[in-house]
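**Student:** The following block contains the structure, expressed as C-alpha cells.
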Amino acid sequence: MGNLFKKMFSRENRGRTASYLIIIIAYIVLEIMRLSGNMTNLLSSLLVPVCCYITAAIALNLNVGFSGELNLGQGGFMGVGAFTAVVVSGSLAGVIPNPVIRLILAMIAGAVLAGAVGWLIGIPVLKLQGDYLAIVTLAFGQIIKSLITNLYVGLDKNGMHFSFVDNHLNLAEGGKVLISGPMGATGTERIATFTAGAVLILIALTIVYNLIRSRHGRAIMAARDNRIAAESVGIHIANTKMLAVVISAALAGAAGALFGLNNASLAASKFDFNLSILILVYVVLGGLGNLNGTIIATTVLVLLPELLRSLQDYRMLIYAVILIVIMLVSNNEKMKTGLERLRRKTGKGADSHA
C-alpha cells in the first residue's frame, strides 16, 4: 500500500493523481449536497453541462496543448455526438427501456461517429498548418451546423426515415420525429446524469494521460516541438497528429452525446462557432497542456455567469473583467517563475521526506 501511495504522489504522477482527486472529491461533495437537498435548482441544472464542457476542453487540450494544432471545430464534433445520441436513444427507447444502458450506448455511438468524422476531416486538414488549419476547422464546424439544421429524422413501425432540406418523412401512424430541421431535436427523453458526467471526465483524463505518456504521445509532442527533427528520426507526422485529432473528436462527441440527452429540446445553433471559441478560452486560460488548470478554469467560467445572474445589468461586465485578470495573471512571468520555484521546493521536500 505504501508503494502505491508513493507511486501515486511521485513527481511524475502527482498531476495525474490531483486530476482524479479533484473530480472524485467534487463529485462526492456535490452528490451529497444534491441528495440532501442542500443544492439550489440552478446549480443542480449546471452539473451535467459542466461535466460536458470539462470533457470537451480536456479533449481540445490534446489538440491545442499537446499536439500544437489550433482546432476551432470542437463545437461541431460535440454537435455530431449530441444528435447521434438523440437518434440512438430515441430508436432504442422501445427496445431497451433501461435508461442507463441506452445512455451508455448513445454516448458510445456519439463518440464513434464523431471520431470517424474527425478522421475524415483530418485527412485534408492535417496537410495545412497555422492559420490555414484554424480556418478549415472553423469552416467544418459551420458545415456541421448547417447540415444538422437541414436534417429531418423520424422513426415509425417501418424503421428510420431521413429527409434533407424539406420534411418528406411521411411517417406512419404513431411515428415520432427525432430531428426536425431548424427546430432540432424536440421531446428528447432526458436520461443524462451527473454520475455519467463524472465518469466521462475520469475516462477522458485516463485516455489523455495514458496517451501523452506513451510512445505515441511522445511522438505527438516531438512533432509539435520540432517537425523537421521529428521527421528526421522516423516519426510519421500525419499519423501522430491524426491520432490526436480522432481521440479529441471522439471525446468531444461523447461529451456532446451527454449534453444532448440532458436537454428535452436542442437546436443545431447551440453548437456554433461561439461554442468552439468558448471551449478554446477554457483551455487557454487553464493553461496549454495543463489538465488540472483546464478542469478548474472550465468549472469557474461555466458557473460564473450563472452565479452572477442576480447582477443582471453588470454580470457580463464582471465576467469580462475576470477573464482579463485571469489572462494577465496566467501570462505573468514573475508569477510563473515563483510558482515553479515553489513547486520545485515542494517536490524536493517531498522527495527528501520520502
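Just so we're on the same page: first chain in the C-alpha cells is A, next is B, and so on; residues restart at 1 for each chain, and ligands are numbered from 1 in the order they show up.
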Find the spatial neighbours of A:Phe162, counting only C-alpha atoms, within a cut-off of 12 Å - ignore same-chain residues fewer than 2 positions away - and output them as a list in words.
**Tutor:** Val87, Ile148, Asn150, Leu151, Tyr152, Val153, Gly154, Leu155, Asp156, Gly159, Met160, Phe164, Val165, Asp166, Asn167, His168, Leu169, Asn170, Leu171, Val177, Leu178, Ile179, Ser180 and Gly181 of chain A
**Student:** Taking only stretch 163-235 of chain A into account, list the residues labelled strand (DSSP E or B) by DSSP (computed from the backbone), as a PyMOL selection string.
**Tutor:** chain A and resi 163-164+176-180+185
**Student:** Those same residues - C-alpha atoms - I'd like them written as a short mmCIF file (atom, residue, chain, number, x, y, z; two decimals), in the first residue's frame.
**Tutor:**
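Dumped everything to result_27.cif:
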data_model
loop_
_atom_site.label_atom_id
_atom_site.label_comp_id
_atom_site.auth_asym_id
_atom_site.auth_seq_id
_atom_site.Cartn_x
_atom_site.Cartn_y
_atom_site.Cartn_z
CA SER A 163 -35.02 13.71 -45.26
CA PHE A 164 -32.84 16.66 -46.14
CA LYS A 176 -42.01 10.09 -33.96
CA VAL A 177 -39.82 12.87 -35.38
CA LEU A 178 -36.41 12.73 -33.70
CA ILE A 179 -34.74 15.63 -35.52
CA SER A 180 -36.87 18.31 -37.11
CA ALA A 185 -34.34 17.63 -31.50
#
**Student:** I want to know what sits within 7 Å of stretch 237-254 of chain A, based on only C-alpha atoms, with residues of the same chain fewer than 4 positions away left out; could you give that as number ranges by chain?
**Tutor:** A: 55-56, 59-60, 62-63, 67, 74, 77-78, 80-82, 107-108, 110-112, 114-115, 118-119, 122, 126, 204, 216, 219-220, 223, 231, 258
**Student:** Could you write out that same residue set with C-alpha atoms as a PDB file, in the first residue's frame?
**Tutor:**
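What ended up in result_33.pdb:
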ATOM      1  CA  THR A  55     -14.593  16.735 -21.155  1.00  0.00           C
ATOM      2  CA  ALA A  56     -14.667  18.776 -24.376  1.00  0.00           C
ATOM      3  CA  ALA A  59     -10.171  16.779 -25.495  1.00  0.00           C
ATOM      4  CA  LEU A  60      -9.325  20.130 -27.103  1.00  0.00           C
ATOM      5  CA  LEU A  62      -4.992  17.281 -26.512  1.00  0.00           C
ATOM      6  CA  ASN A  63      -5.163  19.079 -29.879  1.00  0.00           C
ATOM      7  CA  SER A  67      -0.352  18.318 -30.472  1.00  0.00           C
ATOM      8  CA  GLN A  74     -14.749  21.365 -31.355  1.00  0.00           C
ATOM      9  CA  PHE A  77     -17.788  17.430 -33.009  1.00  0.00           C
ATOM     10  CA  MET A  78     -19.991  17.961 -29.965  1.00  0.00           C
ATOM     11  CA  VAL A  80     -22.279  15.319 -34.154  1.00  0.00           C
ATOM     12  CA  GLY A  81     -22.220  13.428 -30.864  1.00  0.00           C
ATOM     13  CA  ALA A  82     -25.310  15.181 -29.487  1.00  0.00           C
ATOM     14  CA  MET A 107     -22.569   8.019 -25.825  1.00  0.00           C
ATOM     15  CA  ILE A 108     -20.509   5.274 -27.458  1.00  0.00           C
ATOM     16  CA  GLY A 110     -21.763   9.627 -30.487  1.00  0.00           C
ATOM     17  CA  ALA A 111     -18.063   9.123 -29.754  1.00  0.00           C
ATOM     18  CA  VAL A 112     -17.579   6.642 -32.622  1.00  0.00           C
ATOM     19  CA  ALA A 114     -17.580  11.985 -34.072  1.00  0.00           C
ATOM     20  CA  GLY A 115     -14.241  10.152 -34.174  1.00  0.00           C
ATOM     21  CA  GLY A 118     -12.678  13.704 -37.154  1.00  0.00           C
ATOM     22  CA  TRP A 119     -10.695  11.179 -39.173  1.00  0.00           C
ATOM     23  CA  GLY A 122      -8.188  15.227 -40.553  1.00  0.00           C
ATOM     24  CA  LEU A 126      -3.547  17.975 -41.368  1.00  0.00           C
ATOM     25  CA  ALA A 204     -11.192  11.340 -20.705  1.00  0.00           C
ATOM     26  CA  HIS A 216       2.634   7.761 -29.446  1.00  0.00           C
ATOM     27  CA  ALA A 219       5.834  11.335 -30.847  1.00  0.00           C
ATOM     28  CA  ILE A 220       2.912  13.803 -30.862  1.00  0.00           C
ATOM     29  CA  ALA A 223       6.164  16.684 -33.798  1.00  0.00           C
ATOM     30  CA  GLU A 231      10.612  13.553 -39.248  1.00  0.00           C
ATOM     31  CA  LEU A 258     -24.273  13.543 -22.781  1.00  0.00           C
TER      32      LEU A 258
END
**Student:** Taking only C-alpha atoms into account, name the residue in A:Cys52, A:Arg16, A:Leu43, A:Arg102 that is nearest to A:Ile201.
**Tutor:**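 The answer is A:Cys52, which sits nearest to A:Ile201.
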**Student:** Write out as number ranges by chain all residues of stretch 173-247 of chain A that DSSP puts in helix (DSSP H, G or I) for this structure's backbone.
**Tutor:** A: 181-183, 194-212, 215-225, 227-232, 237-247
**Student:** Restricting the calculation to only C-alpha atoms, which member of A:Phe259, A:Tyr282, A:Tyr20, A:Phe140 is positioned closest to A:Pro124?
**Tutor:**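 Nearest to A:Pro124: A:Phe140.
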**Student:** Taking 5 positions as the minimum chain separation for residues in the same chain, which residues sit within 8 Å of A:Ala297 when counting only C-alpha atoms? Answer as a PyMOL selection string.
**Tutor:** chain A and resi 282-283+285-286
**Student:** Take the residues just selected and output them with C-alpha atoms as a compact mmCIF listing (two decimals), in the first residue's frame.
**Tutor:**
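Written out: result-v4.txt:
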# COMPACT_ATOMS: atom_id res chain seq x y z
CA TYR A 282 -11.32 27.39 -21.20
CA VAL A 283 -8.21 25.61 -22.49
CA LEU A 285 -6.97 30.21 -19.51
CA GLY A 286 -6.43 26.86 -17.83
**Student:** Extract, using only C-alpha atoms, all DNA, RNA and protein residues at most 7 Å from A:Thr188, discarding same-chain residues fewer than 2 positions from it, and format them as a PyMOL selection string.
**Tutor:** chain A and resi 86+185-186+190+261+263-265
**Student:** Residues near A:Leu21, anyone? I mean within 12 Å using only C-alpha atoms, not counting same-chain ones fewer than 2 positions away, as a PyMOL selection string.
**Tutor:** chain A and resi 8-9+14-19+23-29+198+201-202+205+292+295
**Student:** Can I get the selected residues back with N, CA and C atoms, as a CSV table (one decimal), in the first residue's frame?
**Tutor:**
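Contents of the output file part.csv:
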chain,number,residue,atom,x,y,z
A,8,MET,N,1.7,7.0,-6.6
A,8,MET,CA,0.6,8.0,-6.9
A,8,MET,C,1.1,9.4,-6.8
A,9,PHE,N,1.8,9.7,-5.7
A,9,PHE,CA,2.2,11.1,-5.4
A,9,PHE,C,3.7,11.4,-5.7
A,14,ARG,N,2.1,13.1,-9.8
A,14,ARG,CA,1.4,14.0,-8.9
A,14,ARG,C,0.3,14.7,-9.6
A,15,GLY,N,0.5,15.2,-10.8
A,15,GLY,CA,-0.5,16.0,-11.5
A,15,GLY,C,-1.7,15.1,-11.9
A,16,ARG,N,-1.4,13.9,-12.3
A,16,ARG,CA,-2.4,12.9,-12.7
A,16,ARG,C,-3.3,12.6,-11.5
A,17,THR,N,-2.7,12.3,-10.3
A,17,THR,CA,-3.4,12.0,-9.1
A,17,THR,C,-4.3,13.1,-8.7
A,18,ALA,N,-3.7,14.4,-8.8
A,18,ALA,CA,-4.5,15.6,-8.4
A,18,ALA,C,-5.8,15.7,-9.3
A,19,SER,N,-5.6,15.4,-10.6
A,19,SER,CA,-6.8,15.5,-11.5
A,19,SER,C,-7.9,14.5,-11.1
A,23,ILE,N,-11.8,15.6,-9.3
A,23,ILE,CA,-13.1,15.1,-9.9
A,23,ILE,C,-13.8,14.2,-8.8
A,24,ILE,N,-13.1,13.3,-8.2
A,24,ILE,CA,-13.8,12.4,-7.3
A,24,ILE,C,-14.3,13.1,-6.0
A,25,ILE,N,-13.5,14.0,-5.5
A,25,ILE,CA,-13.9,14.7,-4.3
A,25,ILE,C,-15.1,15.7,-4.6
A,26,ALA,N,-15.0,16.4,-5.8
A,26,ALA,CA,-16.1,17.3,-6.2
A,26,ALA,C,-17.3,16.5,-6.4
A,27,TYR,N,-17.2,15.3,-7.0
A,27,TYR,CA,-18.4,14.5,-7.2
A,27,TYR,C,-19.1,14.1,-5.9
A,28,ILE,N,-18.3,13.6,-5.0
A,28,ILE,CA,-18.8,13.1,-3.7
A,28,ILE,C,-19.5,14.3,-3.0
A,29,VAL,N,-18.9,15.4,-2.9
A,29,VAL,CA,-19.4,16.6,-2.2
A,29,VAL,C,-20.7,17.1,-2.8
A,198,ALA,N,-19.4,12.6,-14.5
A,198,ALA,CA,-18.2,12.5,-13.7
A,198,ALA,C,-17.3,11.3,-14.2
A,201,ILE,N,-15.6,12.3,-17.5
A,201,ILE,CA,-14.4,13.1,-17.2
A,201,ILE,C,-13.2,12.2,-16.8
A,202,LEU,N,-13.4,11.2,-15.9
A,202,LEU,CA,-12.4,10.3,-15.5
A,202,LEU,C,-11.9,9.5,-16.7
A,205,LEU,N,-9.7,11.8,-18.8
A,205,LEU,CA,-8.4,12.0,-18.2
A,205,LEU,C,-7.5,10.8,-18.4
A,292,ASN,N,-5.2,19.9,-15.1
A,292,ASN,CA,-5.8,20.4,-13.9
A,292,ASN,C,-6.3,21.8,-14.0
A,295,ILE,N,-9.6,21.8,-16.0
A,295,ILE,CA,-10.7,21.4,-15.2
A,295,ILE,C,-11.2,22.6,-14.4
**Student:** Write out as a PyMOL selection string the residues lying within 9 Å of A:Gly289, counting only C-alpha atoms and excluding same-chain residues fewer than 5 positions away.
**Tutor:** chain A and resi 61-62+64-66+283+294
**Student:** Could you save the residues just selected, with C-alpha atoms, as a PDB file, in the first residue's frame?
**Tutor:**
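What ended up in again.pdb:
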ATOM      1  CA  ASN A  61      -6.237  20.472 -24.912  1.00  0.00           C
ATOM      2  CA  LEU A  62      -4.992  17.281 -26.512  1.00  0.00           C
ATOM      3  CA  VAL A  64      -4.021  22.554 -28.901  1.00  0.00           C
ATOM      4  CA  GLY A  65      -1.789  21.901 -25.899  1.00  0.00           C
ATOM      5  CA  PHE A  66      -0.102  18.588 -26.682  1.00  0.00           C
ATOM      6  CA  VAL A 283      -8.209  25.614 -22.491  1.00  0.00           C
ATOM      7  CA  THR A 294      -8.386  23.098 -17.722  1.00  0.00           C
TER       8      THR A 294
END
